[in-house]
Each structure stands twice: as structure tokens, then as C-alpha cells.
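Content type mmCIF, C-alpha atoms, from the file my_file-v2.cif:
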data_structure
#
loop_
_atom_site.label_atom_id
_atom_site.label_comp_id
_atom_site.auth_asym_id
_atom_site.auth_seq_id
_atom_site.Cartn_x
_atom_site.Cartn_y
_atom_site.Cartn_z
CA MET B 128 -59.00 -96.94 42.33
CA SER B 129 -59.38 -99.99 40.07
CA ARG B 130 -58.38 -100.79 36.53
CA ILE B 131 -61.41 -101.89 34.55
CA CYS B 132 -61.06 -103.67 31.24
CA VAL B 133 -63.82 -103.02 28.73
CA TYR B 134 -64.47 -105.26 25.74
CA LEU B 135 -66.55 -103.62 23.00
CA GLY B 136 -66.95 -103.14 19.29
CA SER B 137 -64.55 -101.50 16.91
CA ARG B 138 -67.71 -100.68 14.96
CA GLU B 139 -70.40 -98.24 16.08
CA GLY B 140 -73.44 -100.48 15.68
CA ASN B 141 -76.79 -99.38 14.29
CA SER B 142 -78.20 -97.58 17.33
CA PRO B 143 -76.97 -94.20 18.60
CA ALA B 144 -77.59 -95.60 22.10
CA PHE B 145 -74.44 -97.73 21.80
CA GLY B 146 -72.20 -94.69 21.29
CA GLN B 147 -74.02 -92.81 24.04
CA ALA B 148 -73.45 -95.70 26.43
CA ALA B 149 -69.76 -95.93 25.50
CA ARG B 150 -69.30 -92.22 26.17
CA ALA B 151 -71.25 -92.46 29.44
CA LEU B 152 -69.16 -95.42 30.59
CA GLY B 153 -65.89 -93.69 29.68
CA THR B 154 -66.92 -90.58 31.59
CA ALA B 155 -68.16 -92.59 34.59
CA LEU B 156 -64.93 -94.60 34.79
CA ALA B 157 -62.85 -91.42 34.85
CA VAL B 158 -65.09 -89.54 37.29
CA ARG B 159 -65.06 -92.52 39.67
CA GLY B 160 -61.26 -92.65 39.53
CA HIS B 161 -60.92 -95.91 37.60
CA THR B 162 -58.37 -96.57 34.88
CA LEU B 163 -59.79 -97.80 31.59
CA VAL B 164 -58.03 -100.76 29.98
CA TYR B 165 -59.22 -101.59 26.47
CA GLY B 166 -58.10 -102.73 23.03
CA GLY B 167 -56.43 -99.44 22.07
CA ALA B 168 -58.42 -98.53 18.95
CA ARG B 169 -59.44 -95.05 17.89
CA ILE B 170 -62.43 -96.29 15.86
CA GLY B 171 -65.99 -97.40 16.65
CA LEU B 172 -67.29 -97.74 20.17
CA MET B 173 -63.72 -98.29 21.34
CA GLY B 174 -62.75 -94.79 20.25
CA GLU B 175 -65.89 -93.27 21.77
CA LEU B 176 -65.16 -94.93 25.12
CA ALA B 177 -61.50 -93.86 25.22
CA ASN B 178 -62.19 -90.30 24.08
CA ALA B 179 -64.84 -89.83 26.76
CA ALA B 180 -62.56 -91.15 29.50
CA LEU B 181 -59.73 -88.90 28.33
CA ALA B 182 -62.05 -85.86 28.09
CA ALA B 183 -63.02 -86.47 31.73
CA GLU B 184 -59.30 -86.50 32.62
CA GLY B 185 -59.20 -90.26 33.14
CA ARG B 186 -56.30 -92.62 32.70
CA VAL B 187 -56.60 -94.87 29.62
CA ILE B 188 -54.41 -97.86 28.79
CA GLY B 189 -54.76 -99.37 25.33
CA VAL B 190 -53.35 -102.75 24.32
CA MET B 191 -52.93 -103.42 20.61
CA PRO B 192 -51.08 -105.92 18.45
CA ASP B 193 -48.44 -104.49 16.13
CA HIS B 194 -50.35 -105.50 12.98
CA LEU B 195 -53.33 -103.33 14.00
CA VAL B 196 -51.10 -100.41 14.98
CA GLU B 197 -49.55 -100.62 11.53
CA ARG B 198 -53.04 -100.51 9.96
CA GLU B 199 -53.43 -97.12 11.70
CA GLN B 200 -56.21 -98.22 14.02
CA ALA B 201 -54.36 -97.29 17.22
CA HIS B 202 -55.46 -94.36 19.36
CA LEU B 203 -52.28 -92.33 19.73
CA GLY B 204 -53.62 -89.95 22.41
CA LEU B 205 -53.88 -92.46 25.23
CA THR B 206 -52.21 -92.28 28.62
CA GLU B 207 -50.38 -95.46 27.60
CA LEU B 208 -50.43 -97.66 24.50
CA ILE B 209 -48.97 -101.12 25.05
CA ARG B 210 -47.91 -102.76 21.80
CA VAL B 211 -47.91 -106.55 21.75
CA ALA B 212 -47.00 -109.19 19.19
CA ASN B 213 -50.40 -110.83 18.64
CA MET B 214 -54.01 -111.18 19.75
CA HIS B 215 -53.23 -113.84 22.37
CA GLU B 216 -50.70 -111.54 24.02
CA ARG B 217 -53.22 -108.69 23.79
CA LYS B 218 -55.86 -110.60 25.77
CA ALA B 219 -53.37 -111.79 28.37
CA THR B 220 -51.95 -108.27 28.79
CA MET B 221 -55.41 -106.74 29.13
CA ALA B 222 -56.37 -109.34 31.75
CA ALA B 223 -53.13 -108.86 33.68
CA ASN B 224 -53.74 -105.09 33.79
CA ALA B 225 -57.37 -105.32 34.96
CA ASP B 226 -59.15 -105.70 38.28
CA ALA B 227 -62.61 -106.17 36.69
CA PHE B 228 -64.15 -106.70 33.25
CA ILE B 229 -67.09 -105.21 31.36
CA ALA B 230 -68.46 -106.28 27.99
CA MET B 231 -70.43 -103.75 25.98
CA PRO B 232 -72.12 -104.45 22.64
CA GLY B 233 -69.71 -105.74 20.05
CA GLY B 234 -69.08 -108.52 17.59
CA ILE B 235 -67.21 -111.77 17.47
CA GLY B 236 -64.04 -110.35 19.07
CA THR B 237 -66.00 -108.98 22.02
CA PHE B 238 -67.77 -112.32 22.48
CA GLU B 239 -64.52 -114.24 22.32
CA GLU B 240 -62.87 -111.97 24.91
CA LEU B 241 -65.90 -112.16 27.21
CA PHE B 242 -66.18 -115.93 27.10
CA GLU B 243 -62.46 -116.45 27.52
CA ILE B 244 -62.20 -114.24 30.61
CA TRP B 245 -65.35 -115.85 32.04
CA THR B 246 -63.85 -119.30 31.42
CA TRP B 247 -60.65 -118.21 33.15
CA GLY B 248 -62.74 -117.16 36.16
CA TYR B 249 -64.60 -120.47 36.14
CA LEU B 250 -61.28 -122.33 36.09
CA GLY B 251 -60.03 -120.30 39.07
CA LEU B 252 -57.38 -118.40 37.11
CA HIS B 253 -58.80 -115.14 38.49
CA GLU B 254 -61.49 -113.96 40.88
CA LYS B 255 -62.16 -110.63 39.21
CA PRO B 256 -65.72 -109.32 38.79
CA MET B 257 -67.29 -109.43 35.33
CA GLY B 258 -70.35 -107.73 33.91
CA LEU B 259 -72.36 -106.95 30.81
CA LEU B 260 -73.48 -103.43 29.98
CA ASN B 261 -76.79 -104.46 28.47
CA VAL B 262 -77.50 -101.43 26.27
CA GLU B 263 -80.91 -101.67 24.56
CA ASP B 264 -81.16 -105.31 25.74
CA PHE B 265 -78.28 -106.24 23.42
CA TYR B 266 -77.32 -109.11 25.73
CA GLY B 267 -80.91 -110.15 26.59
CA PRO B 268 -80.95 -113.10 24.15
CA LEU B 269 -77.55 -114.25 25.44
CA MET B 270 -78.71 -114.13 29.06
CA THR B 271 -81.83 -116.14 28.12
CA PHE B 272 -79.58 -118.67 26.39
CA LEU B 273 -77.28 -118.86 29.44
CA ASP B 274 -80.25 -119.34 31.77
CA ASN B 275 -81.47 -122.15 29.49
CA THR B 276 -77.99 -123.66 29.62
CA VAL B 277 -78.33 -123.76 33.43
CA ALA B 278 -81.82 -125.25 33.16
CA GLN B 279 -80.53 -127.95 30.81
CA GLY B 280 -77.73 -128.90 33.23
CA PHE B 281 -74.73 -127.73 31.21
CA LEU B 282 -73.88 -124.67 33.31
CA ALA B 283 -73.93 -124.37 37.10
CA GLN B 284 -75.91 -121.49 38.57
CA PRO B 285 -72.88 -120.12 40.50
CA THR B 286 -70.94 -119.97 37.23
CA ARG B 287 -73.84 -118.16 35.53
CA ASP B 288 -74.01 -115.76 38.48
CA MET B 289 -70.37 -114.75 37.95
CA LEU B 290 -71.57 -112.67 34.98
CA GLN B 291 -73.53 -109.66 36.22
CA ASP B 292 -75.55 -107.35 34.02
CA ALA B 293 -77.01 -103.85 34.15
CA GLN B 294 -78.54 -101.42 31.69
CA THR B 295 -76.59 -98.33 32.78
CA PRO B 296 -72.90 -97.69 33.36
CA GLU B 297 -73.58 -96.39 36.86
CA ALA B 298 -75.52 -99.48 37.95
CA LEU B 299 -72.91 -101.86 36.56
CA LEU B 300 -69.98 -99.93 38.04
CA GLU B 301 -71.69 -99.88 41.45
CA ALA B 302 -72.15 -103.67 41.33
CA LEU B 303 -68.54 -104.24 40.29
CA GLU B 304 -67.23 -101.81 42.91
CA ILE B 305 -69.11 -103.68 45.64
CA GLN B 306 -67.42 -106.90 44.54
CA LEU B 307 -64.02 -105.20 44.32
CA GLN B 308 -64.41 -103.78 47.84
CA GLY B 309 -65.34 -107.24 49.11
CA GLU B 310 -62.10 -108.63 47.70
CA VAL B 311 -60.08 -105.94 49.47
CA ALA B 312 -61.77 -106.44 52.86
#

Kindly present the structure from the file in C-alpha cells form.
Amino acid sequence: MSRICVYLGSREGNSPAFGQAARALGTALAVRGHTLVYGGARIGLMGELANAALAAEGRVIGVMPDHLVEREQAHLGLTELIRVANMHERKATMAANADAFIAMPGGIGTFEELFEIWTWGYLGLHEKPMGLLNVEDFYGPLMTFLDNTVAQGFLAQPTRDMLQDAQTPEALLEALEIQLQGEVA
């Protein structure tokens, strides 16, 4: 099936719902036959996601810069760990290995990855589906802000519509799969 890149926190966050959602997404990706592409860490939500996909016999590709591997943050039980020189190469490698993108709750790194891949889509550098897994309305304030950005004339509605959202892994994967099937047809 498809390779789906997931951006998410290397921390666990304050709600147990975040870890539950990461495990549910990892399991759903594997069960649906998708390959997980992610940042390669063994810690935080990243580790939860990868471990769940692996436990469900899924294929997991991690991409991590050498300096983080050396800090012993790499998950060494992955199907494949791609080591790269720096963070820029990491993002480019993850994007090149993905057919679609999901952002889960996370911090500044997750936001940066999400906005960069969305910008690349806006600029026509890819036509890959993108979505937010909106666990416990984590992304609700961002979506309100983005809708206000449209209302204020700084963002076109079609660009805003490129970024889908759902509250469950199943609903988001179904929406992304529909888009992926449309690209194949």
C-alpha cells in the first residue's frame, strides 16, 4: 500500500490520550498495509507509534540525523533506519519516502515539519495528501487561526482545504486513502 509519514512529538504530552492515539495510529497503519515513515526516535509519542506498528507486524522506516543517533535516541528495532547528516536532509528524506503526511500532537519540530510540507504542497512541489490527527482537539485552535487567516485574505480556501483533519486514526486514514486512490486512478 502507501508509505505514510507521521510527524509527532518526541515527548509524551500531558494527556494519556496522546499515547493511546499514537498506538492506535501505528496499529491502524500496519493493519491497513501501510508503511510508517517517521523521525526514527524510540522516545515519546514517536516511540509509541513505531512500537505499535512493529507489534502489528508493520513496516517502519525511521529517518534520523547522526547527531541524534549518537545521543542514543534512535529506535534500533525498526525495519529500516536511514541515517542522514542533518535535519534538512531528514525532512527531505522523509518527504521523498512518503505518499501522504499526518501530523499528530507535538511541539515546535512537529509544527515546522507540518508547515514546511504544506508549503511544499502549496508551491506545487508535491500533490500528496496531508492531515492532522486532532487528538483531544489539540489542533482546534490552529484550525480556527487558519480559518481566520482565510477570512482575513491571507490564505486561499483551496490551500486551507489541503490540510484535512479528523479525531480518530481510522477516519483520517480513510480520508487520506480516498485521496491516494484518486491520484492512482

- Query: For this file, the PyMOL selection byres ((chain B and resi 204) around 12) selects which residues, as a ChimeraX atom specification?
  - Reply: /B:167-169,174,177-178,180-182,186-189,201-203,205-208

Applying the PyMOL selection byres ((chain B and resi 131-140) around 6) to the file I just gave you, which residues come out? Please list them as a VMD selection string.
chain B and resid 130 141 to 142 163 to 165 170 to 173 225 to 233 237

For Thr220 of chain B, the closest of B:Thr295, B:Met191, B:Gly251, B:Gly236 counting all atoms listed in the file is B:Met191

Atom CA of Leu269 of chain B sits from atom CA of Thr246 of chain B at a separation of 15.8 Å

Original post:
Which residues match the PyMOL selection byres ((chain B and resi 158) around 12) in the file above, as a PyMOL selection string?
Top reply: chain B and resi 128+151-157+159-163+179-186+296-297+300

Counting all atoms listed in the file, the residue among B:Arg150, B:Lys255, B:Lys218, B:Arg287 that lies closest to Asp274 of chain B is B:Arg287

request  = List the neighbours of segment 291-294 of chain B out to 10 Å using all atoms listed in the file; skip same-chain residues closer than 3 positions along the sequence, and give me the result as a list in words.
outcome  = Ala148, Ile229, Ala230, Pro256, Met257, Gly258, Leu259, Leu260, Asn261, Val262, Glu263, Asp264, Phe265, Tyr266, Gly267, Met270, Arg287, Asp288, Glu297, Ala298, Leu299, Leu300, Glu301, Ala302 and Leu303 of chain B

- Task: Measure the distance from atom CA of Glu254 of chain B to atom CA of Ala212 of chain B in Å and round it to one decimal.
- Result: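 Value for the atom CA of Glu254 of chain B-atom CA of Ala212 of chain B distance: 26.5 Å.
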
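With distances taken over all atoms listed in the file, B:Asp193 is the one residue among B:Glu304, B:Glu175, B:Asp193, B:Glu239 lying closest to Glu216 of chain B.
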
Could you add whatever atoms are missing so that segment 294-305 of chain B carries all heavy atoms, then write the result as a PDB file, in the frame of the given file?
ATOM      1  N   GLN B 294     -78.211-102.191  32.880  1.00  0.00           N
ATOM      2  CA  GLN B 294     -78.540-101.420  31.690  1.00  0.00           C
ATOM      3  C   GLN B 294     -77.848-100.064  31.639  1.00  0.00           C
ATOM      4  O   GLN B 294     -77.842 -99.424  30.592  1.00  0.00           O
ATOM      5  CB  GLN B 294     -80.055-101.239  31.593  1.00  0.00           C
ATOM      6  CG  GLN B 294     -80.769-102.554  31.370  1.00  0.00           C
ATOM      7  CD  GLN B 294     -82.271-102.395  31.263  1.00  0.00           C
ATOM      8  OE1 GLN B 294     -82.823-101.340  31.537  1.00  0.00           O
ATOM      9  NE2 GLN B 294     -82.928-103.455  30.856  1.00  0.00           N
ATOM     10  N   THR B 295     -77.274 -99.624  32.759  1.00  0.00           N
ATOM     11  CA  THR B 295     -76.590 -98.330  32.780  1.00  0.00           C
ATOM     12  C   THR B 295     -75.170 -98.488  33.299  1.00  0.00           C
ATOM     13  O   THR B 295     -74.904 -99.370  34.123  1.00  0.00           O
ATOM     14  CB  THR B 295     -77.331 -97.312  33.674  1.00  0.00           C
ATOM     15  OG1 THR B 295     -77.254 -97.751  35.026  1.00  0.00           O
ATOM     16  CG2 THR B 295     -78.789 -97.137  33.241  1.00  0.00           C
ATOM     17  N   PRO B 296     -74.272 -97.629  32.846  1.00  0.00           N
ATOM     18  CA  PRO B 296     -72.900 -97.690  33.360  1.00  0.00           C
ATOM     19  C   PRO B 296     -72.837 -97.548  34.868  1.00  0.00           C
ATOM     20  O   PRO B 296     -72.089 -98.263  35.532  1.00  0.00           O
ATOM     21  CB  PRO B 296     -72.202 -96.524  32.659  1.00  0.00           C
ATOM     22  CG  PRO B 296     -72.956 -96.319  31.405  1.00  0.00           C
ATOM     23  CD  PRO B 296     -74.399 -96.636  31.764  1.00  0.00           C
ATOM     24  N   GLU B 297     -73.628 -96.637  35.431  1.00  0.00           N
ATOM     25  CA  GLU B 297     -73.580 -96.390  36.860  1.00  0.00           C
ATOM     26  C   GLU B 297     -73.972 -97.630  37.654  1.00  0.00           C
ATOM     27  O   GLU B 297     -73.315 -97.994  38.629  1.00  0.00           O
ATOM     28  CB  GLU B 297     -74.487 -95.204  37.236  1.00  0.00           C
ATOM     29  CG  GLU B 297     -74.024 -93.875  36.681  1.00  0.00           C
ATOM     30  CD  GLU B 297     -74.324 -93.672  35.192  1.00  0.00           C
ATOM     31  OE1 GLU B 297     -75.155 -94.424  34.606  1.00  0.00           O
ATOM     32  OE2 GLU B 297     -73.703 -92.789  34.589  1.00  0.00           O
ATOM     33  N   ALA B 298     -75.057 -98.282  37.237  1.00  0.00           N
ATOM     34  CA  ALA B 298     -75.520 -99.480  37.950  1.00  0.00           C
ATOM     35  C   ALA B 298     -74.495-100.603  37.870  1.00  0.00           C
ATOM     36  O   ALA B 298     -74.226-101.287  38.859  1.00  0.00           O
ATOM     37  CB  ALA B 298     -76.864 -99.930  37.399  1.00  0.00           C
ATOM     38  N   LEU B 299     -73.899-100.784  36.700  1.00  0.00           N
ATOM     39  CA  LEU B 299     -72.910-101.860  36.560  1.00  0.00           C
ATOM     40  C   LEU B 299     -71.652-101.542  37.343  1.00  0.00           C
ATOM     41  O   LEU B 299     -71.115-102.415  38.032  1.00  0.00           O
ATOM     42  CB  LEU B 299     -72.583-102.080  35.079  1.00  0.00           C
ATOM     43  CG  LEU B 299     -71.661-103.267  34.795  1.00  0.00           C
ATOM     44  CD1 LEU B 299     -72.197-104.565  35.375  1.00  0.00           C
ATOM     45  CD2 LEU B 299     -71.442-103.391  33.285  1.00  0.00           C
ATOM     46  N   LEU B 300     -71.181-100.300  37.281  1.00  0.00           N
ATOM     47  CA  LEU B 300     -69.980 -99.930  38.040  1.00  0.00           C
ATOM     48  C   LEU B 300     -70.214-100.085  39.539  1.00  0.00           C
ATOM     49  O   LEU B 300     -69.331-100.552  40.257  1.00  0.00           O
ATOM     50  CB  LEU B 300     -69.536 -98.515  37.692  1.00  0.00           C
ATOM     51  CG  LEU B 300     -68.893 -98.369  36.313  1.00  0.00           C
ATOM     52  CD1 LEU B 300     -68.653 -96.900  35.985  1.00  0.00           C
ATOM     53  CD2 LEU B 300     -67.606 -99.162  36.222  1.00  0.00           C
ATOM     54  N   GLU B 301     -71.389 -99.705  40.022  1.00  0.00           N
ATOM     55  CA  GLU B 301     -71.690 -99.880  41.450  1.00  0.00           C
ATOM     56  C   GLU B 301     -71.614-101.348  41.848  1.00  0.00           C
ATOM     57  O   GLU B 301     -71.035-101.689  42.881  1.00  0.00           O
ATOM     58  CB  GLU B 301     -73.066 -99.295  41.779  1.00  0.00           C
ATOM     59  CG  GLU B 301     -73.076 -97.785  41.809  1.00  0.00           C
ATOM     60  CD  GLU B 301     -74.463 -97.192  42.001  1.00  0.00           C
ATOM     61  OE1 GLU B 301     -75.382 -97.910  42.480  1.00  0.00           O
ATOM     62  OE2 GLU B 301     -74.634 -96.004  41.670  1.00  0.00           O
ATOM     63  N   ALA B 302     -72.180-102.228  41.021  1.00  0.00           N
ATOM     64  CA  ALA B 302     -72.150-103.670  41.330  1.00  0.00           C
ATOM     65  C   ALA B 302     -70.715-104.195  41.326  1.00  0.00           C
ATOM     66  O   ALA B 302     -70.329-104.960  42.215  1.00  0.00           O
ATOM     67  CB  ALA B 302     -73.008-104.428  40.322  1.00  0.00           C
ATOM     68  N   LEU B 303     -69.928-103.790  40.359  1.00  0.00           N
ATOM     69  CA  LEU B 303     -68.540-104.240  40.290  1.00  0.00           C
ATOM     70  C   LEU B 303     -67.722-103.689  41.448  1.00  0.00           C
ATOM     71  O   LEU B 303     -66.885-104.392  42.026  1.00  0.00           O
ATOM     72  CB  LEU B 303     -67.909-103.847  38.951  1.00  0.00           C
ATOM     73  CG  LEU B 303     -68.504-104.501  37.700  1.00  0.00           C
ATOM     74  CD1 LEU B 303     -67.846-103.932  36.445  1.00  0.00           C
ATOM     75  CD2 LEU B 303     -68.391-106.003  37.743  1.00  0.00           C
ATOM     76  N   GLU B 304     -67.965-102.422  41.799  1.00  0.00           N
ATOM     77  CA  GLU B 304     -67.230-101.810  42.910  1.00  0.00           C
ATOM     78  C   GLU B 304     -67.529-102.514  44.232  1.00  0.00           C
ATOM     79  O   GLU B 304     -66.633-102.681  45.059  1.00  0.00           O
ATOM     80  CB  GLU B 304     -67.577-100.314  43.000  1.00  0.00           C
ATOM     81  CG  GLU B 304     -66.968 -99.502  41.881  1.00  0.00           C
ATOM     82  CD  GLU B 304     -67.533 -98.094  41.751  1.00  0.00           C
ATOM     83  OE1 GLU B 304     -68.563 -97.776  42.398  1.00  0.00           O
ATOM     84  OE2 GLU B 304     -66.949 -97.312  40.993  1.00  0.00           O
ATOM     85  N   ILE B 305     -68.763-102.933  44.427  1.00  0.00           N
ATOM     86  CA  ILE B 305     -69.110-103.680  45.640  1.00  0.00           C
ATOM     87  C   ILE B 305     -68.301-104.967  45.702  1.00  0.00           C
ATOM     88  O   ILE B 305     -67.746-105.318  46.739  1.00  0.00           O
ATOM     89  CB  ILE B 305     -70.625-103.947  45.710  1.00  0.00           C
ATOM     90  CG1 ILE B 305     -71.362-102.653  46.003  1.00  0.00           C
ATOM     91  CG2 ILE B 305     -70.952-105.024  46.747  1.00  0.00           C
ATOM     92  CD1 ILE B 305     -72.874-102.730  45.820  1.00  0.00           C
TER      93      ILE B 305
END
